[in-house]
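final-v3.txt (compact mmCIF, C-alpha atoms and all ligand atoms)
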```
# COMPACT_ATOMS: atom_id res chain seq x y z
CA MET I 3 0.00 0.00 0.00
CA SER I 4 1.20 3.53 -0.79
CA ASP I 5 2.56 5.66 2.07
CA ILE I 6 1.03 8.77 0.55
CA ILE I 7 -2.19 9.90 2.20
CA PHE I 8 -3.84 12.84 0.49
CA HIS I 9 -6.48 14.91 2.30
CA HIS I 10 -8.68 16.74 -0.23
CA TYR I 11 -12.15 16.91 -1.74
CA ASP I 12 -12.85 16.01 -5.35
CA PRO I 13 -13.90 19.51 -6.55
CA SER I 14 -10.83 21.16 -4.93
CA PRO I 15 -8.78 23.06 -7.54
CA PHE I 16 -5.51 22.93 -5.59
CA GLY I 17 -6.31 19.26 -5.00
CA GLU I 18 -6.47 18.81 -8.77
CA LYS I 19 -3.03 20.38 -9.14
CA ILE I 20 -1.57 17.60 -6.99
CA ARG I 21 -3.79 14.80 -8.35
CA SER I 22 -2.58 15.60 -11.87
CA ILE I 23 1.03 15.50 -10.61
CA PHE I 24 0.32 12.07 -9.04
CA GLY I 25 -0.78 11.04 -12.55
CA PHE I 26 2.30 12.54 -14.22
CA LYS I 27 4.63 10.73 -11.81
CA GLY I 28 2.56 7.50 -11.96
CA LEU I 29 2.08 7.36 -8.17
CA ALA I 30 -0.22 5.30 -5.98
CA TRP I 31 -1.90 7.24 -3.16
CA GLN I 32 -4.59 6.96 -0.53
CA SER I 33 -7.40 9.47 -0.72
CA VAL I 34 -9.12 10.91 2.36
CA GLN I 35 -12.13 13.07 1.51
CA ILE I 36 -12.33 16.03 3.89
CA PRO I 37 -15.09 18.64 4.45
CA ARG I 38 -15.11 21.62 2.07
CA MET I 39 -15.49 24.05 4.93
CA MET I 40 -14.89 24.33 8.64
CA PRO I 41 -15.22 22.47 10.94
CA LYS I 42 -12.69 19.81 9.89
CA PRO I 43 -12.35 17.79 13.12
CA ASP I 44 -10.21 14.98 11.64
CA VAL I 45 -7.84 17.38 9.85
CA MET I 46 -7.04 19.77 12.71
CA PRO I 47 -5.15 17.20 14.88
CA LEU I 48 -2.83 16.62 11.91
CA THR I 49 -2.31 20.22 10.84
CA GLY I 50 -2.44 21.98 14.21
CA GLY I 51 -5.10 24.36 12.88
CA TYR I 52 -4.00 24.93 9.26
CA ARG I 53 -7.28 24.71 7.37
CA LYS I 54 -6.49 24.88 3.67
CA THR I 55 -6.94 22.10 1.16
CA PRO I 56 -5.02 19.96 0.23
CA VAL I 57 -2.71 18.42 2.81
CA MET I 58 -0.43 15.43 2.29
CA GLN I 59 0.40 12.99 5.06
CA ILE I 60 3.20 10.42 5.15
CA GLY I 61 3.09 8.67 8.54
CA ALA I 62 3.21 11.51 11.10
CA HIS I 63 4.75 13.98 8.64
CA ILE I 64 2.20 16.50 7.41
CA PHE I 65 2.86 18.63 4.33
CA CYS I 66 0.80 21.82 4.18
CA ASP I 67 0.41 23.82 0.94
CA THR I 68 0.97 22.49 -2.59
CA GLN I 69 4.52 23.94 -2.51
CA THR I 70 5.77 21.57 0.21
CA ILE I 71 3.72 18.70 -1.23
CA ILE I 72 5.34 19.16 -4.64
CA ARG I 73 8.83 19.56 -3.18
CA GLU I 74 8.43 16.35 -1.16
CA LEU I 75 7.04 14.40 -4.15
CA GLU I 76 9.91 15.63 -6.34
CA THR I 77 12.48 14.54 -3.69
CA ARG I 78 10.95 11.10 -3.21
CA PHE I 79 10.03 10.49 -6.86
CA PRO I 80 12.46 12.51 -8.99
CA THR I 81 11.55 10.80 -12.28
CA PRO I 82 9.89 12.14 -14.34
CA THR I 83 10.97 15.52 -13.06
CA LEU I 84 8.72 18.54 -12.76
CA PHE I 85 11.77 20.73 -13.45
CA PRO I 86 13.31 19.77 -16.82
CA ASN I 87 16.31 21.91 -17.86
CA ASN I 88 16.63 23.58 -14.48
CA SER I 89 13.19 25.19 -14.72
CA GLU I 90 12.76 25.64 -10.93
CA PHE I 91 12.56 29.42 -11.20
CA LEU I 92 9.89 29.26 -13.92
CA GLY I 93 7.86 26.56 -12.15
CA TRP I 94 7.80 28.16 -8.71
CA GLY I 95 7.58 31.69 -10.06
CA MET I 96 4.69 30.74 -12.32
CA SER I 97 2.89 29.15 -9.37
CA PHE I 98 2.78 32.51 -7.59
CA TRP I 99 0.95 33.96 -10.61
CA THR I 100 -1.36 30.98 -11.17
CA ASP I 101 -2.13 30.36 -7.47
CA LYS I 102 -2.78 33.95 -6.52
CA LEU I 103 -3.63 36.36 -9.35
CA LEU I 104 -4.99 33.88 -11.90
CA PHE I 105 -6.72 31.79 -9.23
CA GLY I 106 -8.36 34.99 -7.94
CA ALA I 107 -9.82 35.48 -11.42
CA SER I 108 -10.82 31.79 -11.62
CA ALA I 109 -12.60 32.04 -8.26
CA GLY I 110 -14.23 35.29 -9.47
CA ILE I 111 -15.64 33.41 -12.47
CA VAL I 112 -16.92 30.43 -10.46
CA PHE I 113 -18.42 32.53 -7.67
CA GLY I 114 -19.72 35.11 -10.15
CA ALA I 115 -21.50 32.37 -12.12
CA PHE I 116 -22.65 30.01 -9.35
CA GLY I 117 -22.43 32.05 -6.13
CA ASP I 118 -26.23 32.48 -6.03
CA LYS I 119 -26.70 28.73 -5.90
CA MET I 120 -24.03 28.03 -3.27
CA PRO I 121 -25.20 27.27 0.30
CA GLU I 122 -25.19 30.31 2.57
CA GLU I 123 -22.91 28.67 5.13
CA PHE I 124 -20.34 27.93 2.38
CA ILE I 125 -20.31 31.60 1.28
CA LYS I 126 -19.96 32.65 4.92
CA ASP I 127 -17.06 30.22 5.41
CA ARG I 128 -15.25 31.51 2.32
CA ALA I 129 -15.87 35.14 3.29
CA GLU I 130 -14.18 34.49 6.66
CA TYR I 131 -11.45 32.44 5.02
CA SER I 132 -10.62 35.19 2.54
CA GLY I 133 -10.66 38.01 5.08
CA GLY I 134 -13.86 39.48 3.61
CA ASN I 135 -12.87 39.28 -0.06
CA ILE I 136 -15.74 37.03 -1.17
CA ASN I 137 -18.75 39.13 -2.11
CA VAL I 138 -21.04 37.27 -4.51
CA GLU I 139 -22.92 40.39 -5.66
CA LYS I 140 -19.68 42.17 -6.57
CA MET I 141 -18.29 39.05 -8.26
CA LYS I 142 -21.49 38.67 -10.30
CA ALA I 143 -21.33 42.30 -11.41
CA ALA I 144 -17.63 41.96 -12.28
CA LEU I 145 -18.06 38.68 -14.21
CA PRO I 146 -17.94 40.15 -17.78
CA TYR I 147 -14.77 42.10 -16.91
CA THR I 148 -13.17 39.12 -15.20
CA MET I 149 -13.88 37.05 -18.33
CA GLN I 150 -12.21 39.72 -20.51
CA GLN I 151 -9.11 39.61 -18.32
CA TYR I 152 -9.13 35.82 -18.38
CA LYS I 153 -9.34 35.73 -22.17
CA THR I 154 -6.33 38.02 -22.51
CA MET I 155 -4.29 35.83 -20.17
CA LEU I 156 -5.33 32.64 -21.97
CA ASP I 157 -4.07 34.21 -25.18
CA TRP I 158 -0.58 34.38 -23.61
CA ALA I 159 -0.82 30.64 -23.15
CA GLU I 160 -1.99 30.07 -26.74
CA GLN I 161 0.97 32.13 -27.98
CA GLY I 162 3.28 30.05 -25.80
CA LEU I 163 2.16 26.92 -27.67
CA SER I 164 2.15 28.51 -31.14
CA ASP I 165 5.24 26.66 -32.46
CA GLY I 166 3.47 23.33 -31.97
CA ARG I 167 5.27 22.28 -28.77
CA SER I 168 3.43 19.79 -26.55
CA PHE I 169 4.00 21.58 -23.24
CA PHE I 170 4.98 25.12 -22.27
CA LEU I 171 8.68 24.38 -21.88
CA GLY I 172 8.99 21.94 -24.80
CA GLU I 173 8.25 18.25 -25.28
CA GLU I 174 8.40 17.41 -21.58
CA ALA I 175 5.76 18.51 -19.09
CA SER I 176 6.91 20.66 -16.17
CA LEU I 177 5.46 22.35 -13.10
CA VAL I 178 4.53 25.29 -15.36
CA ASP I 179 1.92 23.04 -17.04
CA PHE I 180 0.40 21.79 -13.78
CA ASP I 181 0.35 25.35 -12.40
CA LEU I 182 -1.94 26.51 -15.19
CA TYR I 183 -3.90 23.30 -15.77
CA TYR I 184 -5.88 23.18 -12.52
CA ASN I 185 -7.19 26.72 -13.09
CA LEU I 186 -8.67 25.74 -16.46
CA TRP I 187 -10.04 22.53 -14.93
CA PHE I 188 -11.70 24.65 -12.21
CA VAL I 189 -13.30 27.31 -14.44
CA SER I 190 -14.42 24.82 -17.09
CA ARG I 191 -17.41 23.95 -14.88
CA VAL I 192 -18.77 27.36 -15.94
CA PRO I 193 -20.10 26.90 -19.53
CA GLU I 194 -19.07 30.43 -20.65
CA ALA I 195 -15.53 29.86 -19.35
CA LYS I 196 -15.37 26.43 -21.01
CA SER I 197 -16.35 28.10 -24.33
CA LEU I 198 -13.63 30.67 -23.76
CA VAL I 199 -10.98 27.96 -23.42
CA ASP I 200 -12.42 26.23 -26.52
CA GLU I 201 -11.69 29.39 -28.53
CA PHE I 202 -7.97 28.62 -28.22
CA PRO I 203 -7.24 25.48 -30.28
CA LYS I 204 -3.66 24.82 -29.13
CA LEU I 205 -4.53 25.44 -25.51
CA SER I 206 -7.56 23.12 -25.76
CA LYS I 207 -5.38 20.31 -27.09
CA TRP I 208 -2.88 21.01 -24.30
CA VAL I 209 -5.69 20.71 -21.69
CA GLU I 210 -6.51 17.25 -23.09
CA ARG I 211 -2.83 16.31 -23.04
CA VAL I 212 -2.40 17.24 -19.36
CA ALA I 213 -5.74 15.63 -18.41
CA GLY I 214 -4.39 12.50 -20.13
CA PHE I 215 -1.84 12.03 -17.33
CA GLY I 216 -4.76 11.01 -15.12
CA HIS I 217 -4.53 10.87 -11.33
CA GLY I 218 -2.30 7.85 -10.69
CA GLN I 219 -3.58 4.89 -8.66
CA GLN I 220 -6.05 6.13 -6.09
CA SER I 221 -7.46 4.08 -3.20
CA GLU I 222 -9.79 5.26 -0.43
CA LEU I 223 -8.96 5.66 3.27
CA SER I 224 -11.15 6.87 6.14
CA SER I 225 -10.13 9.94 8.11
CA THR I 226 -10.02 7.89 11.34
CA ASP I 227 -7.61 5.41 9.74
CA ALA I 228 -5.44 8.34 8.62
CA LEU I 229 -5.33 9.63 12.21
CA ALA I 230 -4.34 6.13 13.39
CA VAL I 231 -1.45 6.07 10.87
CA ALA I 232 -0.13 9.35 12.31
CA LYS I 233 -0.51 8.13 15.89
CA GLU I 234 1.39 4.89 15.20
CA ASP I 235 4.35 6.60 13.53
CA ASP I 236 7.20 7.38 15.93
CA VAL I 237 8.85 10.60 14.76
CA SER I 238 10.91 11.20 17.91
CA GLY I 239 14.16 10.50 16.01
CA TRP I 240 13.52 12.96 13.17
CA SER I 241 15.79 15.96 13.06
CA GLY I 242 15.77 18.62 10.40
CA SER I 243 18.38 21.29 9.85
CA ILE I 244 18.46 24.89 10.98
CA GLU I 245 20.00 27.51 8.75
CA GLU I 246 22.16 30.01 10.54
CA GLY I 247 21.45 33.70 10.75
CA GLU I 248 17.73 33.90 11.27
CA GLY I 249 17.84 34.29 15.04
CA LEU I 250 15.95 31.07 15.67
CA SER I 251 17.19 27.82 17.25
CA LYS I 252 15.95 24.26 17.34
CA GLY I 253 13.34 23.87 20.07
CA ASN I 254 12.09 27.48 19.98
CA THR I 255 8.31 27.75 20.16
CA ILE I 256 7.12 29.45 16.99
CA THR I 257 3.92 30.03 15.06
CA VAL I 258 3.56 29.67 11.31
CA MET I 259 0.69 31.18 9.31
CA PRO I 260 -0.20 31.81 5.64
CA ASN I 261 0.15 35.47 4.66
CA ASP I 262 -2.91 35.51 2.38
CA THR I 263 -6.05 33.49 3.16
CA GLY I 264 -6.93 31.02 5.92
CA ARG I 265 -4.67 32.91 8.32
CA VAL I 266 -4.76 30.50 11.26
CA PRO I 267 -1.50 30.42 13.27
CA VAL I 268 -0.07 26.95 13.97
CA THR I 269 2.13 26.65 17.05
CA GLY I 270 4.92 24.14 17.62
CA GLU I 271 8.54 23.49 18.40
CA LEU I 272 10.97 24.45 15.65
CA LEU I 273 12.80 21.47 14.16
CA SER I 274 13.87 22.57 10.72
CA LEU I 275 14.37 25.88 8.96
CA THR I 276 15.77 26.20 5.45
CA LYS I 277 15.32 28.79 2.72
CA GLN I 278 12.30 26.92 1.38
CA GLU I 279 10.78 25.09 4.34
CA VAL I 280 9.97 25.34 8.03
CA ALA I 281 9.01 22.24 10.04
CA ILE I 282 7.62 22.15 13.57
CA ARG I 283 6.77 19.44 16.07
CA HIS I 284 3.19 19.76 17.20
CA ASN I 285 1.58 17.60 19.88
CA ASN I 286 -2.02 16.83 20.69
CA ASP I 287 -3.97 14.07 22.46
CA THR I 288 -5.50 12.64 19.27
CA VAL I 289 -2.29 11.78 17.39
CA GLY I 290 0.60 12.57 19.76
CA ASP I 291 3.57 14.16 17.95
CA VAL I 292 3.26 15.20 14.31
CA ILE I 293 5.85 17.05 12.25
CA ILE I 294 4.20 19.75 10.17
CA HIS I 295 6.02 21.11 7.13
CA PHE I 296 5.25 24.53 5.61
CA PRO I 297 6.82 26.49 2.77
CA ARG I 298 8.66 29.74 3.53
CA ALA I 299 7.29 31.65 0.51
CA GLY I 300 3.83 32.91 1.40
CA PHE I 301 4.10 32.07 5.13
CA ILE I 302 4.91 34.20 8.18
CA ILE I 303 7.01 32.81 11.04
CA SER I 304 6.81 34.53 14.40
N1 LIG I 401 -1.42 28.14 -1.14
C1 LIG I 401 -2.32 27.03 -0.95
C2 LIG I 401 -3.70 27.38 -1.49
C3 LIG I 401 -4.72 26.29 -1.22
C4 LIG I 401 -6.14 26.81 -1.30
O1 LIG I 401 -6.38 28.02 -1.48
N2 LIG I 401 -7.10 25.90 -1.21
C5 LIG I 401 -8.48 26.30 -1.15
C6 LIG I 401 -9.40 25.37 -1.95
S1 LIG I 401 -8.72 24.21 -3.02
C7 LIG I 401 -8.95 26.22 0.28
O2 LIG I 401 -8.17 25.84 1.14
N3 LIG I 401 -10.18 26.58 0.57
C8 LIG I 401 -10.68 26.54 1.91
C9 LIG I 401 -10.89 25.15 2.44
O3 LIG I 401 -10.79 24.14 1.71
O4 LIG I 401 -11.21 25.05 3.63
C10 LIG I 401 -1.73 25.78 -1.63
O5 LIG I 401 -0.95 25.92 -2.58
O6 LIG I 401 -2.02 24.66 -1.16
```
Hey, can you dump this file as structure tokens for me?
Ligand SMILES: N[C@@H](CCC(=O)N[C@@H](CS)C(=O)NCC(=O)O)C(=O)O
Amino acid sequence: MSDIIFHHYDPSPFGEKIRSIFGFKGLAWQSVQIPRMMPKPDVMPLTGGYRKTPVMQIGAHIFCDTQTIIRELETRFPTPTLFPNNSEFLGWGMSFWTDKLLFGASAGIVFGAFGDKMPEEFIKDRAEYSGGNINVEKMKAALPYTMQQYKTMLDWAEQGLSDGRSFFLGEEASLVDFDLYYNLWFVSRVPEAKSLVDEFPKLSKWVERVAGFGHGQQSELSSTDALAVAKEDDVSGWSGSIEEGEGLSKGNTITVMPNDTGRVPVTGELLSLTKQEVAIRHNNDTVGDVIIHFPRAGFIIS
């Protein structure tokens, strides 16, 4: 059985980013379906309060945010690589555009089109989550303008494929492809947005190509079984590495929190601090010790 436990829900766009990478790397994984909104009682003991979707679990190691999930998958399963020809800068840099600015437009399209039909408690949850930035009436009114912006940005992508290449960086897929793909997957549930993508022939073929990677080999796991896996794993011997010069030492009590949405601070004992990752030991009665990994980019340590 695979060691990878993936906490997500099927309609989750950031979940789709990772599921398509599971497919690209041909991985087997165990799927735990989690609630789309708070409360998430079987997630909180693992994440110490971090509430975003998705989260990856391997034993009692918890990887929060698609950045740390991708970095861990790339380390454990380097072939095929997400970074052909040293494309780390392009892949990670692109993800800050696709995950923030472009995803903001994608969410504007989905909420603008379907917000009226979404349950009130879901809208309330997302309004809290976003710090007040979800306003269905405003998103509905802005929909035609959001679509115009979207179309212009999709044209960049069409131009990027104009020489007949299969993927944005050439004949091999890279993180750049998966960064963009999940946004188009997400908005395509809105018929007008699907038609917009269909207007771009090369991009449409590219969508099919990336979808063709599939999701790897998925099996189902209950959330209680996932908690039991974390509880059984002894992580007392794990030690990370601390980079000098940041004024923090192993064992310091710190909090880590996203700097954009879902700003819930997670408290723990510092174990590892590098330029790209911070890991803390967090303890609670449900699972005992877990080691929670966060990215540095987009997260505040205090
Ligand atoms: N930076 C995060 C963004 C994740 C994100 O925004 N996920 C959304 C939905 S897929 C979310 O957490 N929504 C609130 C929730 O699921 O409770 C990542 O890369 O994982």
Contacts to ligand LIG 401 (chain I) at 7 Å cut-off (all atoms listed in the file) as a ChimeraX atom specification: /I:14-17,38-40,53-56,66-69,101,128,131
Taking only C-alpha atoms into account, which of I:Leu29, I:Ile302, I:Val258, I:Ala281 comes nearest Phe79 of chain I?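 Closest to Phe79 of chain I, using only C-alpha atoms: I:Leu29.
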I'd like to know which of I:Ser241, I:Thr269, I:Gln278, I:Thr154 is closest to Gly50 of chain I, using only C-alpha atoms.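 Once distances to Gly50 of chain I are computed over only C-alpha atoms, the minimum belongs to I:Thr269.
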Coordinates-based distance that separates atom CA of Val231 of chain I from atom CA of Ala62 of chain I (Å, one decimal):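 Computing it gives 7.2 Å between the two atoms.
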Within 8 Å of Phe85 of chain I using all atoms listed in the file, minus same-chain residues under 6 positions, as a ChimeraX atom specification: /I:93,176-177
Using all atoms listed in the file, which residues sit within 9 Å of Ala175 of chain I once same-chain residues fewer than 6 positions away are excluded, as a list in words?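 The residues that qualify are Phe26, Pro82, Thr83, Leu84, Phe85, Pro86, Ser168, Phe169 and Val212 of chain I.
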Take the residues from that selection and put them in a file with C-alpha atoms, as a tab-separated table (two decimals), in the frame of the given file.
```
chain	number	residue	atom	x	y	z
I	26	PHE	CA	2.30	12.54	-14.22
I	82	PRO	CA	9.89	12.14	-14.34
I	83	THR	CA	10.97	15.52	-13.06
I	84	LEU	CA	8.72	18.54	-12.76
I	85	PHE	CA	11.77	20.73	-13.45
I	86	PRO	CA	13.31	19.77	-16.82
I	168	SER	CA	3.43	19.79	-26.55
I	169	PHE	CA	4.00	21.58	-23.24
I	212	VAL	CA	-2.40	17.24	-19.36
```
Name the closest residue to Pro47 of chain I among the candidates I:Pro260, I:Ala230, I:Glu246, I:Asn185; distances are taken between atoms, counting all atoms listed in the file. I:Ala230
Given the point (4.3, 7.2, -9.5) in the coordinates of this file, which residues lie within 12 Å, counting only C-alpha atoms, and how would they look as an NGL selection string? :I and (4-6 or 21-31 or 75-76 or 78-83 or 215-220)
Nearest to Ser304 of chain I: which of I:Val292, I:Ile7, I:Ile60, I:Ile256 is it, counting all atoms listed in the file? I:Ile256
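Candidate residues I:His10, I:Glu18, I:Glu160, I:Lys142 were compared for distance to Ala213 of chain I, and the nearest is I:Glu18, using all atoms listed in the file.
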From the options I:Asn87, I:Ser108, I:Ser190, I:Asn286, which residue's atoms come nearest to Met155 of chain I, counting all atoms listed in the file?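 For Met155 of chain I, the nearest of the candidates is I:Ser108.
One finds atom CA of Ile72 of chain I at 22.9 Å from atom CA of Asp44 of chain I.
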Write out as a list in words the residues lying within 8 Å of Glu245 of chain I, counting all atoms listed in the file and excluding same-chain residues fewer than 5 positions away. Leu275, Thr276 and Lys277 of chain I
Can you tell me how far atom CA of Val138 of chain I sits from atom CA of Val189 of chain I, in Å to one decimal? 16.1 Å
Can you pull out every residue within 7 Å of segment 109-112 of chain I, counting all atoms listed in the file, but drop anything in the same chain fewer than 3 positions away, and send it as a PyMOL selection string? chain I and resi 105-106+115-116+141+145+148+189+192
Give me the residues near Trp240 of chain I as an MDAnalysis selection string, where near means some atom within 10 Å (using only C-alpha atoms) and where sequence neighbours in that chain fewer than 3 positions away do not count. chainID I and resid 63 236:237 273:274 283 293
Segment 46-65 of chain I from the block above, C-alpha atoms, as a PDB file, in the first residue's frame, please?
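Once everything was written out, this is result-v3.pdb:
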```pdb
ATOM      1  CA  MET I  46      -7.038  19.766  12.714  1.00  0.00           C
ATOM      2  CA  PRO I  47      -5.152  17.196  14.885  1.00  0.00           C
ATOM      3  CA  LEU I  48      -2.831  16.622  11.912  1.00  0.00           C
ATOM      4  CA  THR I  49      -2.307  20.225  10.839  1.00  0.00           C
ATOM      5  CA  GLY I  50      -2.439  21.981  14.214  1.00  0.00           C
ATOM      6  CA  GLY I  51      -5.104  24.364  12.880  1.00  0.00           C
ATOM      7  CA  TYR I  52      -3.997  24.933   9.256  1.00  0.00           C
ATOM      8  CA  ARG I  53      -7.284  24.705   7.367  1.00  0.00           C
ATOM      9  CA  LYS I  54      -6.486  24.881   3.666  1.00  0.00           C
ATOM     10  CA  THR I  55      -6.939  22.095   1.161  1.00  0.00           C
ATOM     11  CA  PRO I  56      -5.024  19.955   0.231  1.00  0.00           C
ATOM     12  CA  VAL I  57      -2.712  18.421   2.814  1.00  0.00           C
ATOM     13  CA  MET I  58      -0.428  15.430   2.287  1.00  0.00           C
ATOM     14  CA  GLN I  59       0.403  12.987   5.062  1.00  0.00           C
ATOM     15  CA  ILE I  60       3.202  10.421   5.149  1.00  0.00           C
ATOM     16  CA  GLY I  61       3.094   8.669   8.539  1.00  0.00           C
ATOM     17  CA  ALA I  62       3.206  11.505  11.096  1.00  0.00           C
ATOM     18  CA  HIS I  63       4.751  13.975   8.638  1.00  0.00           C
ATOM     19  CA  ILE I  64       2.195  16.500   7.411  1.00  0.00           C
ATOM     20  CA  PHE I  65       2.863  18.635   4.334  1.00  0.00           C
TER      21      PHE I  65
END
```
